[in-house]
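Below is work-v4.txt, holding compact mmCIF, C-alpha atoms.
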```txt
# COMPACT_ATOMS: atom_id res chain seq x y z
CA MET E 3 0.00 0.00 0.00
CA THR E 4 1.45 3.36 -1.02
CA THR E 5 0.36 6.39 0.93
CA GLU E 6 0.63 9.47 -1.28
CA LEU E 7 1.96 12.43 0.65
CA PRO E 8 3.55 15.58 -0.73
CA VAL E 9 7.28 15.70 -1.35
CA VAL E 10 8.69 18.26 1.10
CA LEU E 11 12.09 19.67 0.19
CA THR E 12 14.34 22.44 1.44
CA ALA E 13 15.81 24.80 -1.15
CA ARG E 14 19.12 22.93 -0.82
CA GLY E 15 17.49 19.57 -1.51
CA PHE E 16 15.56 21.01 -4.45
CA ALA E 17 18.75 22.54 -5.91
CA LEU E 18 20.65 19.26 -5.58
CA LEU E 19 17.89 17.39 -7.39
CA GLU E 20 17.82 20.06 -10.12
CA SER E 21 21.58 19.75 -10.53
CA LEU E 22 21.16 16.00 -11.12
CA LEU E 23 19.03 16.81 -14.17
CA GLN E 24 21.75 19.05 -15.59
CA GLN E 25 24.47 16.41 -15.36
CA HIS E 26 25.48 14.73 -18.61
CA GLU E 27 25.13 11.26 -17.14
CA ALA E 28 22.29 10.11 -14.91
CA PRO E 29 23.43 8.17 -11.83
CA PHE E 30 21.39 5.16 -13.05
CA ALA E 31 18.87 4.29 -15.75
CA GLY E 32 15.56 6.05 -15.12
CA ALA E 33 16.98 8.48 -12.52
CA ALA E 34 16.17 11.59 -14.57
CA GLU E 35 12.47 10.69 -14.76
CA ILE E 36 12.33 9.99 -11.01
CA VAL E 37 13.96 13.35 -10.27
CA ARG E 38 11.55 15.19 -12.63
CA ARG E 39 8.52 13.62 -10.93
CA LYS E 40 9.91 14.46 -7.49
CA LEU E 41 10.59 18.09 -8.45
CA ASP E 42 7.12 18.45 -10.02
CA ALA E 43 5.46 17.22 -6.82
CA ALA E 44 7.77 19.16 -4.47
CA ILE E 45 6.73 21.70 -1.89
CA VAL E 46 9.79 23.80 -1.07
CA VAL E 47 9.92 25.10 2.50
CA PHE E 48 12.34 26.96 4.76
CA PRO E 49 14.57 24.57 6.72
CA THR E 50 12.89 25.56 9.99
CA ASP E 51 9.46 24.69 8.50
CA VAL E 52 10.28 21.09 7.57
CA PRO E 53 8.18 18.69 9.66
CA ALA E 54 10.32 16.56 12.00
CA ASN E 55 9.25 13.31 10.32
CA VAL E 56 10.39 14.27 6.78
CA VAL E 57 13.61 12.88 5.28
CA THR E 58 16.04 15.65 4.30
CA LEU E 59 19.72 15.61 3.44
CA ARG E 60 21.80 14.45 6.40
CA SER E 61 18.73 12.97 8.09
CA ARG E 62 19.10 9.62 9.77
CA VAL E 63 16.24 7.46 8.56
CA ARG E 64 15.01 4.02 9.64
CA PHE E 65 13.28 2.08 6.84
CA CYS E 66 12.26 -1.41 5.68
CA VAL E 67 12.65 -2.64 2.11
CA ASP E 68 9.97 -5.05 0.88
CA GLY E 69 9.08 -6.04 4.44
CA ALA E 70 12.62 -7.08 5.43
CA ALA E 71 14.29 -6.08 8.71
CA ALA E 72 14.69 -2.38 9.34
CA ASP E 73 17.86 -0.60 8.28
CA GLU E 74 19.06 2.82 9.44
CA CYS E 75 21.25 5.17 7.37
CA THR E 76 22.07 8.84 6.97
CA LEU E 77 21.05 10.33 3.61
CA ILE E 78 23.98 12.22 2.10
CA GLY E 79 24.39 14.35 -1.01
CA GLY E 80 27.76 12.95 -2.02
CA PRO E 81 30.72 10.87 -0.92
CA ASP E 82 32.47 13.99 0.41
CA ASP E 83 29.89 14.47 3.18
CA ALA E 84 31.57 13.74 6.50
CA VAL E 85 29.02 11.64 8.36
CA TYR E 86 29.66 8.83 10.83
CA GLY E 87 27.92 5.52 10.44
CA PRO E 88 26.11 3.92 7.53
CA THR E 89 25.20 6.30 4.71
CA LEU E 90 22.95 6.28 1.68
CA LEU E 91 23.71 8.45 -1.36
CA LEU E 92 20.99 10.76 -2.65
CA THR E 93 21.86 9.59 -6.17
CA SER E 94 21.01 5.96 -5.38
CA PRO E 95 17.53 4.57 -6.13
CA ARG E 96 16.73 4.36 -2.41
CA GLY E 97 18.13 7.85 -1.75
CA LEU E 98 15.95 9.41 -4.45
CA ALA E 99 12.92 7.53 -3.15
CA LEU E 100 13.47 8.67 0.45
CA ILE E 101 14.25 12.39 0.03
CA GLY E 102 11.19 14.48 0.84
CA ALA E 103 9.12 11.52 2.07
CA ALA E 104 7.80 11.21 5.63
CA ALA E 105 7.75 8.57 8.35
CA GLY E 106 4.80 6.24 7.87
CA GLN E 107 4.91 6.62 4.10
CA THR E 108 5.68 3.75 1.73
CA VAL E 109 7.52 4.85 -1.42
CA PRO E 110 8.66 2.94 -4.50
CA ALA E 111 12.34 2.87 -5.42
CA GLN E 112 12.94 2.19 -9.09
CA LEU E 113 16.02 0.03 -9.56
CA PRO E 114 18.36 0.37 -12.57
CA ASP E 115 17.01 -2.88 -14.07
CA GLY E 116 13.48 -1.39 -14.14
CA SER E 117 12.12 -3.37 -11.18
CA GLU E 118 10.76 -1.68 -8.07
CA GLU E 119 11.18 -2.21 -4.38
CA MET E 120 8.85 -0.75 -1.78
CA ILE E 121 10.40 1.22 1.07
CA ARG E 122 8.45 1.86 4.25
CA ILE E 123 9.83 4.75 6.28
CA GLU E 124 9.65 3.74 9.94
CA ALA E 125 11.13 6.85 11.57
CA VAL E 126 13.41 9.85 11.16
CA PRO E 127 15.44 9.70 14.40
CA TYR E 128 17.57 12.71 13.44
CA GLN E 129 16.93 15.61 11.11
CA PRO E 130 19.41 18.52 11.00
CA GLU E 131 16.70 21.11 10.32
CA GLN E 132 14.91 20.22 13.56
CA ARG E 133 18.13 20.56 15.52
CA ARG E 134 18.58 24.09 14.19
CA SER E 135 15.00 25.11 14.87
CA ARG E 136 15.21 23.94 18.50
CA LEU E 137 18.12 26.20 19.34
CA ASP E 138 17.04 28.77 21.88
CA LEU E 139 18.05 31.90 20.05
CA GLN E 140 16.89 35.21 21.38
CA VAL E 141 15.92 37.72 18.73
CA ILE E 142 16.14 41.34 19.77
CA SER E 143 15.28 44.43 17.84
CA GLY E 144 16.55 47.95 18.19
CA ARG E 145 13.60 48.71 20.45
CA ASP E 146 14.69 46.02 22.92
CA LEU E 147 18.17 47.47 23.46
CA PRO E 148 18.72 49.55 26.60
CA GLU E 149 19.67 53.21 26.42
CA PRO E 150 23.40 53.73 25.70
CA ALA E 151 23.94 55.43 29.08
CA LYS E 152 22.61 52.30 30.83
CA LEU E 153 25.10 49.94 29.16
CA PHE E 154 28.08 48.96 31.28
CA SER E 155 31.67 49.02 30.09
CA SER E 156 32.37 45.66 31.72
CA ALA E 157 30.79 43.27 34.16
CA ARG E 158 33.56 43.95 36.71
CA SER E 159 33.48 47.73 36.91
CA ARG E 160 29.74 48.22 36.58
CA GLN E 161 30.60 51.78 35.55
CA PRO E 162 28.21 53.08 32.91
CA VAL E 163 29.74 53.70 29.51
CA ALA E 164 29.82 57.41 28.78
CA PRO E 165 27.59 58.56 25.95
CA PHE E 166 29.22 59.78 22.74
CA GLY E 167 31.81 62.46 23.41
CA GLY E 168 32.26 61.46 27.07
CA ASP E 169 35.67 60.88 28.59
CA ASP E 170 35.86 57.11 29.01
CA ASP E 171 39.51 56.73 27.89
CA PRO E 172 41.43 54.98 30.70
CA GLY E 173 44.76 56.16 29.27
CA PRO E 174 47.96 54.29 28.36
CA SER E 175 48.10 52.30 31.60
CA ALA E 176 45.07 50.26 30.49
CA ALA E 177 47.02 48.77 27.58
```
Can the structure in the file be given as structure tokens, please?
Amino acid sequence: MTTELPVVLTARGFALLESLLQQHEAPFAGAAEIVRRKLDAAIVVFPTDVPANVVTLRSRVRFCVDGAAADECTLIGGPDDAVYGPTLLLTSPRGLALIGAAAGQTVPAQLPDGSEEMIRIEAVPYQPEQRRSRLDLQVISGRDLPEPAKLFSSARSRQPVAPFGGDDDPGPSAA
């Protein structure tokens, strides 16, 4: 049973797939058609908007092929990607099938000989986009900054920094 869900890609993933179409040689027979279909169905989102269960580049994904035991690999864009553990190239039939798919989805992977295997995505234990979006970054605007006279020159002195034109030069002994 194949559950049809949209293909969710980041701009980087979309660009890598587009670049595959522009190469003189396809990575395997039928790859160009698979990439075209994936790009046509793609929804491109900001990295922070990718759902946690979607397979992106550098995601670790747990999947079963044709009902066999589960396997877990990290999807990489090329052999130069420095990733520890088992990897799966984006340019492989399984890599192209997995990119942009979500946990719970079953996707076909077209093999070079024309046959298909069905891949069920069990889980996405790690996705780099989710790691970035969970960082506790504090965004401040100009309105949130304190008045210049209330800023301190250092945590030790707790002496307010003089406004522009003030005499806050400690002299040559400070060097």
Given all atoms listed in the file, how would the per-residue table for segment 32-57 of chain E near segment 91-101 of chain E read, listing every residue at most 12 Å away with its closest atom pair and distance in Å to one decimal, sorted by chain and number, as JSON lines?
```
{"residue": "E:Gly32", "atom": "CA", "partner": "E:Pro95", "partner_atom": "CA", "distance": 9.3}
{"residue": "E:Ala33", "atom": "CA", "partner": "E:Pro95", "partner_atom": "CA", "distance": 7.5}
{"residue": "E:Ala34", "atom": "CA", "partner": "E:Thr93", "partner_atom": "CA", "distance": 10.3}
{"residue": "E:Glu35", "atom": "CA", "partner": "E:Leu98", "partner_atom": "CA", "distance": 11.0}
{"residue": "E:Ile36", "atom": "CA", "partner": "E:Leu98", "partner_atom": "CA", "distance": 7.5}
{"residue": "E:Val37", "atom": "CA", "partner": "E:Leu98", "partner_atom": "CA", "distance": 7.3}
{"residue": "E:Arg38", "atom": "CA", "partner": "E:Leu98", "partner_atom": "CA", "distance": 10.9}
{"residue": "E:Arg39", "atom": "CA", "partner": "E:Leu98", "partner_atom": "CA", "distance": 10.7}
{"residue": "E:Lys40", "atom": "CA", "partner": "E:Leu98", "partner_atom": "CA", "distance": 8.4}
{"residue": "E:Leu41", "atom": "CA", "partner": "E:Ile101", "partner_atom": "CA", "distance": 10.9}
{"residue": "E:Ala44", "atom": "CA", "partner": "E:Ile101", "partner_atom": "CA", "distance": 10.4}
{"residue": "E:Asn55", "atom": "CA", "partner": "E:Ile101", "partner_atom": "CA", "distance": 11.5}
{"residue": "E:Val56", "atom": "CA", "partner": "E:Ile101", "partner_atom": "CA", "distance": 8.0}
{"residue": "E:Val57", "atom": "CA", "partner": "E:Ile101", "partner_atom": "CA", "distance": 5.3}
```
* Straight-line distance linking atom CA of Gly106 of chain E with atom CA of Glu118 of chain E, stated in Å to one decimal -> 18.8 Å
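Between atom CA of Val67 of chain E and atom CA of Glu27 of chain E lies a distance of 26.8 Å.
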* Write out as a PyMOL selection string each polymer residue whose atoms come within 7 Å of Leu90 of chain E, counting all atoms listed in the file; drop sequence neighbours fewer than 6 positions from it. => chain E and resi 75-78+97
* To do: Work out how far apart atom CA of Arg133 of chain E and atom CA of Ala72 of chain E are and give it in Å to one decimal.
  =>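 Atom-to-atom, atom CA of Arg133 of chain E and atom CA of Ala72 of chain E are spaced 24.0 Å apart.
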* To do: For Tyr128 of chain E, please output as a ChimeraX atom specification all residues within 8 Å (counting only C-alpha atoms; exclusion window: fewer than 5 positions along the same chain).
  => /E:61-63
* Which of these, E:Glu20, E:Val52, E:Arg60, E:His26, has the shortest distance to Gly79 of chain E once you count all atoms listed in the file? ->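 Ranking E:Glu20, E:Val52, E:Arg60, E:His26 by distance to Gly79 of chain E, first place goes to E:Arg60.
When all atoms listed in the file are used to measure the gap to Phe65 of chain E, the shortest distance among E:Glu124, E:Asp42, E:Glu119, E:Asp83 belongs to E:Glu124.
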* Which residue gives the smallest distance to Val10 of chain E among E:Tyr86, E:Thr50, E:Gly102, E:Gln25, with all atoms listed in the file counted? ->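 Distance minimum relative to Val10 of chain E lands on E:Gly102.
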* Structure fact -> In terms of all atoms listed in the file, the residue from E:Ala71, E:Phe16, E:Val9, E:Ala31 at minimal distance from Gly116 of chain E is E:Ala31
* Skipping near chain neighbours, those fewer than 5 positions away, what residues fall within 10 Å of Thr12 of chain E using all atoms listed in the file, listed as a PyMOL selection string? -> chain E and resi 17-18+44-52+58-59+102+131
